[in-house]
Amino acid sequence: MGFLRDLRRRRVLARHAIDEMLWREVTGRLDCLRALTPDEDGRLRELSLIFLDEKEFTGTHGLDPDDRVRLTVAAQACLPVLELGIDWYRGWHGIVVYPSDFRVERSDVDEAGVVHEWTDELAGEAMQGGPVVLSWDATAHESELNVVIHEFAHKLDMLNSDADGLPPLHADMDRRAWSDAFRVAYEGFCDALDRGRDTWLDPYGGEHPAEFFAVTSEAFFVEPAETRRRYPDVYAQLARFYRQDPAARAAR
């Protein structure tokens, strides 16, 4: 199966191409991609082409996921796996794109057996074994946040279990070092939130260790130098996991 998969991918790369003007238009608007070397840019482009071939996009509420929409998602989604490979996004196929933020009905049963129901308004959501859901408005307007990287970090986290902030680490990585770095950073982050202090990172990272991993992954790629300055141990672990050093890349 692996041989057939690789053969299909080689054929996709040989027979298809991403329009040069569209690629430059899309990637030129994304700060997280501007420091890529020509070699990295070329490999990201190939990964994006394979991603577009293997993932299925669905629009909602009248949104048409045209080539620009699909490529904007693909280029950002493939950045975290630039050195890992597209197989890290295995086991699911769907990407659903809403025009803007969308609402999700939630429910939970507390220890007393009482059912609590509420509505969340989201810019993105990654489902275990299922699709990634994105707001196009949030996807198209990159700021200090990056909803695509955030949700696809969750997908990486989900490869070995439910999202818990501990994705499958490489053989040369130390699980204890990862856990210690993230635990100390997460506890300090939550303490700062409790004290009402400016956290710099998106406060949503305090919801759960899985959200902290996704939020720090966003920052790792979007504001790498500041992430390294504020969270050096977390940055070092992310650099080993993603096999990239965006701060050094930006400095070049």
# chains A, B, ... in the order shown; residues from 1 in each chain; ligands from 1

$ residues_around --residues "Asp137 in chain A" --least-positions-apart "3" --cutoff "9 Å" --atoms "only C-alpha atoms" --output "list in words"
Tyr98, Pro99, Ser100, Asp101, Ala123, Leu134, Ala140 and His141 of chain A

$ write_last_selection --atoms "C-alpha atoms" --output "short mmCIF file (atom, residue, chain, number, x, y, z; two decimals), in the first residue's frame"
data_model
loop_
_atom_site.label_atom_id
_atom_site.label_comp_id
_atom_site.auth_asym_id
_atom_site.auth_seq_id
_atom_site.Cartn_x
_atom_site.Cartn_y
_atom_site.Cartn_z
CA TYR A 98 -17.56 28.21 6.81
CA PRO A 99 -17.66 31.82 5.57
CA SER A 100 -17.05 33.12 9.12
CA ASP A 101 -17.08 31.93 12.73
CA ALA A 123 -13.07 29.92 14.17
CA LEU A 134 -12.40 26.31 9.55
CA ALA A 140 -7.77 34.43 5.09
CA HIS A 141 -6.73 37.17 7.54
#

$ residues_around --residues "Thr58 in chain A" --least-positions-apart "2" --cutoff "9 Å" --atoms "only C-alpha atoms" --output "list of chain:residue names"
A:Glu56, A:Thr60, A:Leu63, A:Asp64, A:Pro65, A:Gly94, A:Ile95, A:Val96, A:Val97, A:Tyr98

$ residues_around --residues "Ala225 in chain A" --least-positions-apart "2" --cutoff "9 Å" --atoms "only C-alpha atoms" --output "list in words"
Phe220, Glu223, Thr227, Arg228, Arg229, Arg230, Pro246, Ala247, Ala248, Ala250 and Ala251 of chain A

$ write_last_selection --atoms "C-alpha atoms" --output "mmCIF file, in the first residue's frame"
data_model
loop_
_atom_site.group_PDB
_atom_site.id
_atom_site.type_symbol
_atom_site.label_atom_id
_atom_site.label_comp_id
_atom_site.auth_asym_id
_atom_site.auth_seq_id
_atom_site.Cartn_x
_atom_site.Cartn_y
_atom_site.Cartn_z
ATOM 1 C CA PHE A 220 6.195 28.990 17.038
ATOM 2 C CA GLU A 223 6.094 34.828 15.992
ATOM 3 C CA THR A 227 8.176 32.531 21.375
ATOM 4 C CA ARG A 228 11.800 31.521 21.802
ATOM 5 C CA ARG A 229 12.440 34.507 24.091
ATOM 6 C CA ARG A 230 9.431 33.925 26.326
ATOM 7 C CA PRO A 246 11.563 29.354 12.406
ATOM 8 C CA ALA A 247 13.402 31.920 14.562
ATOM 9 C CA ALA A 248 16.706 31.124 12.879
ATOM 10 C CA ALA A 250 13.507 34.551 10.119
ATOM 11 C CA ALA A 251 16.844 35.879 11.333
#

$ closest_residue --among "A:Trp200, A:Tyr89, A:Trp136, A:Phe221" --to "Arg70 in chain A" --atoms "only C-alpha atoms"
A:Trp136

$ atom_distance --atom1 "CA of Leu47 in chain A" --atom2 "CA of Cys78 in chain A"
6.4 Å

$ decode --residues "range 61-158 of chain A" --atoms "C-alpha atoms" --output "JSON list (two decimals), in the first residue's frame"
[["chain", "number", "residue", "atom", "x", "y", "z"],
["A", 61, "HIS", "CA", -23.57, 28.66, 3.68],
["A", 62, "GLY", "CA", -22.85, 29.56, 0.07],
["A", 63, "LEU", "CA", -19.06, 29.59, 0.32],
["A", 64, "ASP", "CA", -17.32, 28.02, -2.68],
["A", 65, "PRO", "CA", -13.95, 26.50, -1.73],
["A", 66, "ASP", "CA", -12.30, 27.59, -4.98],
["A", 67, "ASP", "CA", -8.61, 27.25, -5.83],
["A", 68, "ARG", "CA", -7.63, 30.30, -3.77],
["A", 69, "VAL", "CA", -9.50, 29.09, -0.67],
["A", 70, "ARG", "CA", -8.15, 25.57, -0.94],
["A", 71, "LEU", "CA", -4.56, 26.67, -1.54],
["A", 72, "THR", "CA", -4.66, 29.18, 1.33],
["A", 73, "VAL", "CA", -5.60, 26.34, 3.68],
["A", 74, "ALA", "CA", -3.16, 23.85, 2.14],
["A", 75, "ALA", "CA", -0.10, 26.11, 2.28],
["A", 76, "GLN", "CA", -0.62, 26.91, 5.97],
["A", 77, "ALA", "CA", -1.54, 23.33, 6.88],
["A", 78, "CYS", "CA", 1.58, 21.93, 5.22],
["A", 79, "LEU", "CA", 4.00, 24.28, 6.99],
["A", 80, "PRO", "CA", 4.02, 22.25, 10.25],
["A", 81, "VAL", "CA", 4.72, 19.02, 8.32],
["A", 82, "LEU", "CA", 7.29, 20.53, 5.97],
["A", 83, "GLU", "CA", 10.01, 18.33, 7.50],
["A", 84, "LEU", "CA", 7.70, 15.54, 8.70],
["A", 85, "GLY", "CA", 5.82, 14.59, 5.56],
["A", 86, "ILE", "CA", 2.18, 14.54, 4.51],
["A", 87, "ASP", "CA", 1.58, 11.13, 6.12],
["A", 88, "TRP", "CA", 1.37, 12.92, 9.47],
["A", 89, "TYR", "CA", -2.10, 13.97, 8.27],
["A", 90, "ARG", "CA", -3.19, 10.40, 7.66],
["A", 91, "GLY", "CA", -6.47, 8.82, 8.67],
["A", 92, "TRP", "CA", -8.94, 11.55, 7.68],
["A", 93, "HIS", "CA", -9.93, 13.41, 4.52],
["A", 94, "GLY", "CA", -12.43, 16.22, 5.04],
["A", 95, "ILE", "CA", -12.02, 19.98, 5.44],
["A", 96, "VAL", "CA", -15.18, 22.02, 5.96],
["A", 97, "VAL", "CA", -15.00, 25.77, 5.40],
["A", 98, "TYR", "CA", -17.56, 28.21, 6.81],
["A", 99, "PRO", "CA", -17.66, 31.82, 5.57],
["A", 100, "SER", "CA", -17.05, 33.12, 9.12],
["A", 101, "ASP", "CA", -17.08, 31.93, 12.73],
["A", 102, "PHE", "CA", -19.58, 29.16, 13.38],
["A", 103, "ARG", "CA", -21.56, 27.95, 16.37],
["A", 104, "VAL", "CA", -21.31, 24.54, 17.99],
["A", 105, "GLU", "CA", -23.78, 23.24, 20.57],
["A", 106, "ARG", "CA", -22.05, 21.66, 23.58],
["A", 107, "SER", "CA", -23.28, 19.62, 26.51],
["A", 108, "ASP", "CA", -21.66, 18.08, 29.57],
["A", 109, "VAL", "CA", -22.81, 16.12, 32.60],
["A", 110, "ASP", "CA", -21.28, 17.18, 35.92],
["A", 111, "GLU", "CA", -20.53, 14.93, 38.89],
["A", 112, "ALA", "CA", -24.04, 15.44, 40.25],
["A", 113, "GLY", "CA", -25.58, 14.20, 37.01],
["A", 114, "VAL", "CA", -26.75, 17.65, 35.93],
["A", 115, "VAL", "CA", -26.62, 18.28, 32.18],
["A", 116, "HIS", "CA", -25.12, 21.63, 31.19],
["A", 117, "GLU", "CA", -25.65, 22.95, 27.65],
["A", 118, "TRP", "CA", -24.04, 25.92, 25.97],
["A", 119, "THR", "CA", -23.05, 27.31, 22.58],
["A", 120, "ASP", "CA", -19.47, 27.94, 21.48],
["A", 121, "GLU", "CA", -18.61, 30.33, 18.66],
["A", 122, "LEU", "CA", -15.50, 29.02, 16.93],
["A", 123, "ALA", "CA", -13.07, 29.92, 14.17],
["A", 124, "GLY", "CA", -11.91, 26.32, 13.85],
["A", 125, "GLU", "CA", -12.33, 22.81, 15.18],
["A", 126, "ALA", "CA", -10.47, 19.53, 14.62],
["A", 127, "MET", "CA", -12.40, 16.34, 15.16],
["A", 128, "GLN", "CA", -10.86, 13.03, 16.22],
["A", 129, "GLY", "CA", -10.91, 10.83, 13.11],
["A", 130, "GLY", "CA", -13.05, 13.40, 11.33],
["A", 131, "PRO", "CA", -12.75, 16.65, 9.43],
["A", 132, "VAL", "CA", -11.09, 19.94, 10.21],
["A", 133, "VAL", "CA", -13.62, 22.78, 10.28],
["A", 134, "LEU", "CA", -12.40, 26.31, 9.55],
["A", 135, "SER", "CA", -13.72, 29.84, 9.29],
["A", 136, "TRP", "CA", -12.63, 31.33, 5.98],
["A", 137, "ASP", "CA", -12.69, 34.83, 7.44],
["A", 138, "ALA", "CA", -10.17, 33.76, 10.11],
["A", 139, "THR", "CA", -8.15, 31.67, 7.66],
["A", 140, "ALA", "CA", -7.77, 34.43, 5.09],
["A", 141, "HIS", "CA", -6.73, 37.17, 7.54],
["A", 142, "GLU", "CA", -3.58, 36.10, 9.31],
["A", 143, "SER", "CA", -2.66, 38.07, 12.43],
["A", 144, "GLU", "CA", -0.80, 37.04, 15.55],
["A", 145, "LEU", "CA", -3.16, 34.04, 15.50],
["A", 146, "ASN", "CA", -3.27, 31.31, 12.87],
["A", 147, "VAL", "CA", -6.36, 29.14, 13.01],
["A", 148, "VAL", "CA", -5.09, 26.70, 10.37],
["A", 149, "ILE", "CA", -1.84, 25.91, 12.18],
["A", 150, "HIS", "CA", -3.79, 25.70, 15.45],
["A", 151, "GLU", "CA", -6.28, 23.12, 14.18],
["A", 152, "PHE", "CA", -3.71, 21.07, 12.31],
["A", 153, "ALA", "CA", -1.54, 20.98, 15.42],
["A", 154, "HIS", "CA", -4.53, 19.33, 17.07],
["A", 155, "LYS", "CA", -4.58, 16.77, 14.26],
["A", 156, "LEU", "CA", -0.93, 15.94, 14.97],
["A", 157, "ASP", "CA", -1.73, 15.71, 18.68],
["A", 158, "MET", "CA", -4.57, 13.28, 17.93]]
